[in-house]
file entry.txt (compact mmCIF, C-alpha atoms)
# COMPACT_ATOMS: atom_id res chain seq x y z
CA MET A 26 15.25 7.79 -0.38
CA ALA A 27 14.30 11.43 0.18
CA ILE A 28 11.44 12.18 2.58
CA THR A 29 9.43 15.40 2.51
CA THR A 30 7.14 16.20 5.44
CA PHE A 31 4.33 18.75 5.54
CA LEU A 32 3.30 19.83 9.03
CA GLY A 33 0.54 22.22 10.03
CA GLY A 34 0.60 24.22 13.23
CA PHE A 35 -2.68 26.13 12.93
CA TRP A 36 -5.41 23.50 13.51
CA GLY A 37 -5.76 22.73 9.81
CA ASP A 38 -6.52 24.77 6.69
CA GLU A 39 -2.83 25.42 5.96
CA GLY A 40 -2.92 23.84 2.51
CA LYS A 41 -1.08 20.62 3.37
CA GLY A 42 -3.11 18.63 0.83
CA LYS A 43 -2.33 21.08 -1.99
CA GLU A 44 1.37 21.07 -1.12
CA THR A 45 1.40 17.27 -1.03
CA ALA A 46 -0.29 17.04 -4.45
CA SER A 47 2.06 19.67 -5.90
CA ASN A 48 5.11 17.88 -4.51
CA ALA A 49 3.85 14.58 -5.96
CA LEU A 50 3.56 16.17 -9.41
CA GLU A 51 7.16 17.38 -9.19
CA ILE A 52 8.27 13.85 -8.31
CA ILE A 53 6.25 12.38 -11.19
CA GLU A 54 7.80 14.88 -13.64
CA LYS A 55 11.32 13.83 -12.59
CA GLY A 56 10.56 10.38 -13.98
CA GLU A 57 12.46 8.42 -11.33
CA GLU A 58 10.77 5.28 -10.06
CA PHE A 59 11.37 2.21 -7.95
CA TYR A 60 9.79 -1.18 -7.40
CA SER A 61 7.17 -1.40 -4.65
CA GLU A 62 6.60 -4.71 -2.89
CA HIS A 63 3.20 -3.36 -1.75
CA VAL A 64 1.71 -3.16 -5.25
CA LYS A 65 4.20 -5.36 -7.14
CA LYS A 66 5.04 -2.70 -9.71
CA ASN A 67 7.18 0.39 -10.22
CA ILE A 68 5.93 3.57 -8.56
CA LYS A 69 7.14 7.15 -8.11
CA GLY A 70 6.64 7.32 -4.37
CA TYR A 71 4.69 6.80 -1.18
CA SER A 72 2.42 9.35 0.48
CA VAL A 73 1.55 8.76 4.13
CA ARG A 74 -1.09 10.62 6.08
CA THR A 75 0.18 10.28 9.63
CA ASN A 76 -2.66 11.68 11.75
CA GLY A 77 -6.03 13.41 11.75
CA GLY A 78 -9.48 12.32 10.80
CA PRO A 79 -12.66 13.38 8.97
CA ASN A 80 -13.22 16.50 11.08
CA GLY A 81 -11.79 18.72 8.34
CA GLY A 82 -11.50 18.38 4.61
CA HIS A 83 -9.78 19.55 1.46
CA ALA A 84 -11.59 20.31 -1.76
CA LEU A 85 -10.07 18.97 -4.97
CA THR A 86 -11.14 20.13 -8.41
CA VAL A 87 -9.98 18.21 -11.48
CA ASN A 88 -11.35 19.06 -14.95
CA GLY A 89 -14.17 21.05 -13.38
CA VAL A 90 -15.25 18.22 -11.07
CA LYS A 91 -15.03 18.99 -7.34
CA VAL A 92 -14.87 16.46 -4.52
CA THR A 93 -13.93 16.86 -0.88
CA GLY A 94 -11.40 14.62 0.74
CA HIS A 95 -11.45 14.09 4.50
CA VAL A 96 -9.17 11.11 5.04
CA LEU A 97 -7.77 10.09 1.65
CA PRO A 98 -4.33 11.54 0.91
CA SER A 99 -4.47 13.94 -2.04
CA THR A 100 -2.01 11.68 -3.90
CA ILE A 101 -4.89 9.25 -4.49
CA LEU A 102 -5.23 11.23 -7.75
CA TYR A 103 -2.00 9.73 -9.09
CA PRO A 104 -1.64 6.07 -10.15
CA GLU A 105 2.13 6.49 -9.75
CA PHE A 106 1.78 6.82 -5.96
CA VAL A 107 0.93 4.53 -3.09
CA SER A 108 -1.23 6.46 -0.61
CA ILE A 109 -1.28 5.27 2.99
CA VAL A 110 -3.68 6.22 5.78
CA GLY A 111 -1.33 5.80 8.71
CA ALA A 112 -1.56 4.45 12.24
CA GLY A 113 -2.18 7.88 13.76
CA CYS A 114 -5.31 8.52 11.71
CA ALA A 115 -8.92 8.21 12.82
CA LEU A 116 -11.46 6.61 10.48
CA HIS A 117 -15.23 6.37 10.34
CA PRO A 118 -15.67 3.27 8.13
CA GLU A 119 -18.99 4.33 6.56
CA LYS A 120 -17.70 7.83 5.79
CA LEU A 121 -14.49 6.42 4.33
CA VAL A 122 -16.48 4.15 1.98
CA GLU A 123 -18.59 7.16 0.92
CA GLU A 124 -15.47 9.23 0.31
CA CYS A 125 -13.85 6.49 -1.79
CA LYS A 126 -17.06 6.18 -3.83
CA ALA A 127 -17.20 9.94 -4.42
CA PHE A 128 -13.62 9.90 -5.71
CA ARG A 129 -14.30 6.87 -7.91
CA ASP A 130 -17.49 8.41 -9.33
CA ALA A 131 -15.49 11.54 -10.19
CA ASN A 132 -12.76 9.37 -11.78
CA MET A 133 -10.26 10.74 -9.24
CA PHE A 134 -9.45 7.51 -7.38
CA LYS A 135 -6.44 6.50 -9.44
CA GLY A 136 -3.77 5.72 -6.89
CA ASN A 137 -3.18 2.73 -4.65
CA LEU A 138 -4.65 2.92 -1.14
CA PHE A 139 -3.46 1.14 1.99
CA ILE A 140 -4.87 1.58 5.49
CA ASP A 141 -2.65 0.86 8.48
CA ASP A 142 -4.38 -1.72 10.65
CA ARG A 143 -3.53 0.36 13.75
CA ALA A 144 -5.65 3.33 12.63
CA GLN A 145 -8.35 4.20 15.17
CA ILE A 146 -12.05 3.70 14.40
CA ILE A 147 -14.52 6.48 15.15
CA LEU A 148 -17.64 5.02 16.72
CA ASP A 149 -21.00 6.79 16.37
CA ALA A 150 -21.05 6.89 20.18
CA TYR A 151 -17.95 9.11 20.08
CA LYS A 152 -19.78 11.55 17.82
CA VAL A 153 -22.79 11.67 20.17
CA LEU A 154 -20.56 12.32 23.19
CA ASP A 155 -18.50 14.86 21.26
CA GLY A 156 -21.64 16.83 20.48
CA LYS A 157 -22.53 16.98 24.17
CA THR A 158 -19.19 18.38 25.32
CA ASN A 159 -18.63 21.82 23.86
CA GLY A 160 -15.95 22.37 26.48
CA ARG A 161 -13.56 20.20 24.46
CA LYS A 162 -13.79 22.67 21.57
CA SER A 163 -14.05 19.78 19.13
CA THR A 164 -15.83 19.65 15.79
CA GLY A 165 -18.43 17.15 16.97
CA SER A 166 -16.99 14.48 14.68
CA GLY A 167 -15.82 12.19 17.47
CA ILE A 168 -12.15 13.10 17.06
CA SER A 169 -11.50 14.14 20.66
CA TYR A 170 -13.02 10.90 21.96
CA VAL A 171 -11.27 8.61 19.50
CA TYR A 172 -7.88 10.02 20.48
CA GLY A 173 -8.84 10.02 24.16
CA HIS A 174 -9.65 6.32 24.01
CA LYS A 175 -6.55 5.66 21.95
CA GLY A 176 -4.59 7.09 24.88
CA LEU A 177 -6.51 4.87 27.28
CA ARG A 178 -5.63 1.90 25.05
CA ASP A 179 -9.25 0.75 24.83
CA GLY A 180 -10.16 2.21 21.45
CA ILE A 181 -11.12 0.14 18.41
CA ARG A 182 -8.49 -0.19 15.69
CA ALA A 183 -8.89 -1.11 12.04
CA ARG A 184 -7.44 -4.57 12.70
CA ASP A 185 -10.17 -5.25 15.26
CA LEU A 186 -12.79 -5.02 12.50
CA LEU A 187 -11.23 -8.09 10.89
CA ASP A 188 -11.51 -10.26 14.02
CA GLU A 189 -15.10 -10.63 15.25
CA LYS A 190 -14.10 -12.28 18.55
CA ARG A 191 -11.51 -9.61 19.33
CA LEU A 192 -13.95 -6.83 18.37
CA LYS A 193 -16.62 -8.19 20.73
CA GLU A 194 -14.11 -8.46 23.59
CA LYS A 195 -13.00 -4.86 23.11
CA LEU A 196 -16.56 -3.55 22.79
CA ASP A 197 -17.56 -5.38 25.99
CA ILE A 198 -14.91 -3.34 27.80
CA LEU A 199 -15.45 -0.06 25.96
CA LEU A 200 -19.25 0.28 25.93
CA PRO A 201 -19.71 0.42 29.74
CA ARG A 202 -17.08 3.17 29.84
CA LEU A 203 -18.89 5.14 27.15
CA ARG A 204 -22.19 4.76 29.03
CA ALA A 205 -20.47 6.05 32.19
CA GLU A 206 -19.09 9.04 30.27
CA ALA A 207 -22.54 9.83 28.87
CA TYR A 208 -24.06 9.58 32.34
CA ALA A 209 -21.40 11.90 33.79
CA ILE A 210 -22.12 14.48 31.08
CA GLU A 211 -25.87 14.31 31.77
CA CYS A 212 -25.31 14.73 35.52
CA LYS A 213 -23.13 17.76 34.87
CA GLU A 214 -25.73 19.31 32.55
CA ASN A 215 -28.51 18.68 35.08
CA ALA A 216 -26.46 20.26 37.85
CA LYS A 217 -25.89 23.37 35.73
CA GLU A 218 -29.63 23.63 34.99
CA LEU A 219 -30.32 23.51 38.73
CA GLY A 220 -27.88 26.36 39.26
CA GLN A 221 -25.33 24.23 41.08
CA PHE A 222 -21.64 25.03 40.80
CA VAL A 223 -19.95 22.65 38.39
CA PRO A 224 -16.14 22.85 38.04
CA GLU A 225 -14.96 22.80 34.44
call {"tool": "encode", "arguments": {"input": "entry.txt", "output": "structure tokens"}}
result
Amino acid sequence: MAITTFLGGFWGDEGKGKETASNALEIIEKGEEFYSEHVKKNIKGYSVRTNGGPNGGHALTVNGVKVTGHVLPSTILYPEFVSIVGAGCALHPEKLVEECKAFRDANMFKGNLFIDDRAQIILDAYKVLDGKTNGRKSTGSGISYVYGHKGLRDGIRARDLLDEKRLKEKLDILLPRLRAEAYAIECKENAKELGQFVPE
């Protein structure tokens, strides 16, 4: 099976979504298909978003209707494709539900969607902390914190949302750390206001 990969090296806005959609159309036009165990029917291909989160977005216009995708692969437009949000992605559950609804309302959610259960969950606390730390040069969407805590191995994953006991155990460990991070940021800000030297 042939694999085509689109990589961006300029912090987004390279047109990866457009290239993915265009490549999918070429595959559909070829007419070749195979049986997918995931959806129990013949499909033209898989499209996997491997990383990133809702800090950016790509606008899609179909028949004059425009919607903005942040997490959904652009192949969600095609029923012939299985679109996968991969393990390296970051998700904000509420925003993902809103995005899916916007695509459905615009009659653009036609593909098959799967979410890897290892995808990281963006907590609202991450967004609050992200907004307080301009030094990270982040978008304020919680992305820098979600990947930071993924590296620390204490982040929340999609699979944790399906196990209430496991979720509580992980939050009991994570929340004190987030409170400590917030406190450290406040101390740093207060020190700066008092004119004290604060190393970056």
call {"tool": "closest_residue", "arguments": {"input": "entry.txt", "among": "A:Asp179, A:Asn76, A:Lys157, A:Glu194", "to": "Ala209 (chain A)", "atoms": "only C-alpha atoms"}}
result
A:Lys157
call {"tool": "residues_near_point", "arguments": {"input": "entry.txt", "point": "(-1.8, 7.3, -0.3)", "cutoff": "6 Å", "atoms": "all atoms listed in the file", "output": "tab-separated table (two decimals) with C-alpha atoms, in the coordinates of the input"}}
result
chain	number	residue	atom	x	y	z
A	72	SER	CA	2.42	9.35	0.48
A	73	VAL	CA	1.55	8.76	4.13
A	98	PRO	CA	-4.33	11.54	0.91
A	100	THR	CA	-2.01	11.68	-3.90
A	101	ILE	CA	-4.89	9.25	-4.49
A	107	VAL	CA	0.93	4.53	-3.09
A	108	SER	CA	-1.23	6.46	-0.61
A	109	ILE	CA	-1.28	5.27	2.99
A	138	LEU	CA	-4.65	2.92	-1.14
call {"tool": "atom_distance", "arguments": {"input": "entry.txt", "atom1": "CA of Ile147 (chain A)", "atom2": "CA of Leu196 (chain A)"}}
result
12.8 Å
call {"tool": "atom_distance", "arguments": {"input": "entry.txt", "atom1": "CA of Asp155 (chain A)", "atom2": "CA of Tyr172 (chain A)"}}
result
11.7 Å
call {"tool": "closest_residue", "arguments": {"input": "entry.txt", "among": "A:Ala144, A:Gly180, A:Gly111, A:Tyr208", "to": "Lys195 (chain A)", "atoms": "only C-alpha atoms"}}
result
A:Gly180
call {"tool": "atom_distance", "arguments": {"input": "entry.txt", "atom1": "CA of Gly81 (chain A)", "atom2": "CA of Thr93 (chain A)"}}
result
9.6 Å
call {"tool": "residues_around", "arguments": {"input": "entry.txt", "residues": "Ile53 (chain A)", "least_positions_apart": "2", "cutoff": "10 Å", "atoms": "only C-alpha atoms", "output": "list in words"}}
result
Ser47, Asn48, Ala49, Leu50, Glu51, Lys55, Gly56, Glu57, Glu58, Ile68, Lys69, Gly70, Tyr103, Glu105 and Phe106 of chain A
call {"tool": "residues_around", "arguments": {"input": "entry.txt", "residues": "region 119-130 of chain A", "least_positions_apart": "4", "cutoff": "12 Å", "atoms": "all atoms listed in the file", "output": "PyMOL selection string"}}
result
chain A and resi 78-80+82-87+90-102+110+114-115+134-138+140+146-149+166
call {"tool": "closest_residue", "arguments": {"input": "entry.txt", "among": "A:Ala112, A:Leu32, A:Leu203, A:Met133", "to": "Arg184 (chain A)", "atoms": "all atoms listed in the file"}}
result
A:Ala112
call {"tool": "residues_near_point", "arguments": {"input": "entry.txt", "point": "(-1.2, 14.9, 5.0)", "cutoff": "6 Å", "atoms": "all atoms listed in the file", "output": "PyMOL selection string"}}
result
chain A and resi 41-42+74
call {"tool": "axis_aligned_box", "arguments": {"input": "entry.txt", "around": "region 126-144 of chain A", "padding_each_side": "3 Å", "output": "JSON"}}
result
{"center_x": -10.1, "center_y": 4.9, "center_z": 1.0, "size_x": 20.8, "size_y": 19.3, "size_z": 31.5}
call {"tool": "build_atoms", "arguments": {"input": "entry.txt", "residues": "region 37-48 of chain A", "atoms": "all heavy atoms", "output": "compact mmCIF listing (two decimals), in the coordinates of the input"}}
result
# COMPACT_ATOMS: atom_id res chain seq x y z
N GLY A 37 -5.24 23.05 11.14
CA GLY A 37 -5.76 22.73 9.81
C GLY A 37 -5.86 23.94 8.91
O GLY A 37 -5.52 25.06 9.29
N ASP A 38 -6.31 23.71 7.68
CA ASP A 38 -6.52 24.77 6.69
C ASP A 38 -5.24 25.47 6.27
O ASP A 38 -5.27 26.62 5.84
CB ASP A 38 -7.54 25.81 7.19
CG ASP A 38 -8.89 25.19 7.48
OD1 ASP A 38 -9.27 24.27 6.75
OD2 ASP A 38 -9.54 25.62 8.44
N GLU A 39 -4.09 24.78 6.39
CA GLU A 39 -2.83 25.42 5.96
C GLU A 39 -2.49 25.11 4.51
O GLU A 39 -1.54 25.66 3.98
CB GLU A 39 -1.66 24.95 6.83
CG GLU A 39 -1.84 25.14 8.31
CD GLU A 39 -2.36 23.88 8.99
OE1 GLU A 39 -2.84 22.98 8.27
OE2 GLU A 39 -2.28 23.82 10.21
N GLY A 40 -3.22 24.20 3.89
CA GLY A 40 -2.92 23.84 2.51
C GLY A 40 -1.98 22.65 2.39
O GLY A 40 -1.29 22.50 1.38
N LYS A 41 -1.97 21.79 3.40
CA LYS A 41 -1.08 20.62 3.37
C LYS A 41 -1.41 19.70 2.20
O LYS A 41 -0.52 19.16 1.56
CB LYS A 41 -1.18 19.84 4.68
CG LYS A 41 -0.76 20.63 5.92
CD LYS A 41 -0.79 19.76 7.18
CE LYS A 41 -2.19 19.30 7.55
NZ LYS A 41 -3.10 20.38 7.96
N GLY A 42 -2.70 19.51 1.93
CA GLY A 42 -3.11 18.63 0.83
C GLY A 42 -2.65 19.16 -0.52
O GLY A 42 -2.18 18.39 -1.37
N LYS A 43 -2.78 20.47 -0.72
CA LYS A 43 -2.33 21.08 -1.99
C LYS A 43 -0.83 20.95 -2.15
O LYS A 43 -0.32 20.65 -3.23
CB LYS A 43 -2.75 22.55 -2.04
CG LYS A 43 -4.24 22.77 -2.22
CD LYS A 43 -4.55 24.26 -2.35
CE LYS A 43 -6.04 24.49 -2.60
NZ LYS A 43 -6.86 24.19 -1.43
N GLU A 44 -0.09 21.20 -1.06
CA GLU A 44 1.37 21.07 -1.12
C GLU A 44 1.78 19.63 -1.40
O GLU A 44 2.73 19.39 -2.17
CB GLU A 44 2.00 21.55 0.19
CG GLU A 44 2.01 23.05 0.36
CD GLU A 44 2.83 23.76 -0.71
OE1 GLU A 44 3.92 23.25 -1.08
OE2 GLU A 44 2.38 24.81 -1.20
N THR A 45 1.09 18.69 -0.81
CA THR A 45 1.40 17.27 -1.03
C THR A 45 1.16 16.90 -2.49
O THR A 45 1.99 16.25 -3.13
CB THR A 45 0.54 16.38 -0.11
OG1 THR A 45 0.82 16.72 1.25
CG2 THR A 45 0.83 14.91 -0.34
N ALA A 46 0.02 17.34 -3.05
CA ALA A 46 -0.29 17.04 -4.45
C ALA A 46 0.72 17.70 -5.38
O ALA A 46 1.17 17.10 -6.37
CB ALA A 46 -1.70 17.51 -4.78
N SER A 47 1.09 18.94 -5.07
CA SER A 47 2.06 19.67 -5.90
C SER A 47 3.42 18.98 -5.85
O SER A 47 4.09 18.83 -6.88
CB SER A 47 2.17 21.12 -5.40
OG SER A 47 3.16 21.81 -6.11
N ASN A 48 3.84 18.57 -4.66
CA ASN A 48 5.11 17.88 -4.51
C ASN A 48 5.11 16.55 -5.26
O ASN A 48 6.10 16.17 -5.89
CB ASN A 48 5.39 17.64 -3.02
CG ASN A 48 6.77 17.08 -2.77
OD1 ASN A 48 7.77 17.74 -3.03
ND2 ASN A 48 6.83 15.86 -2.26
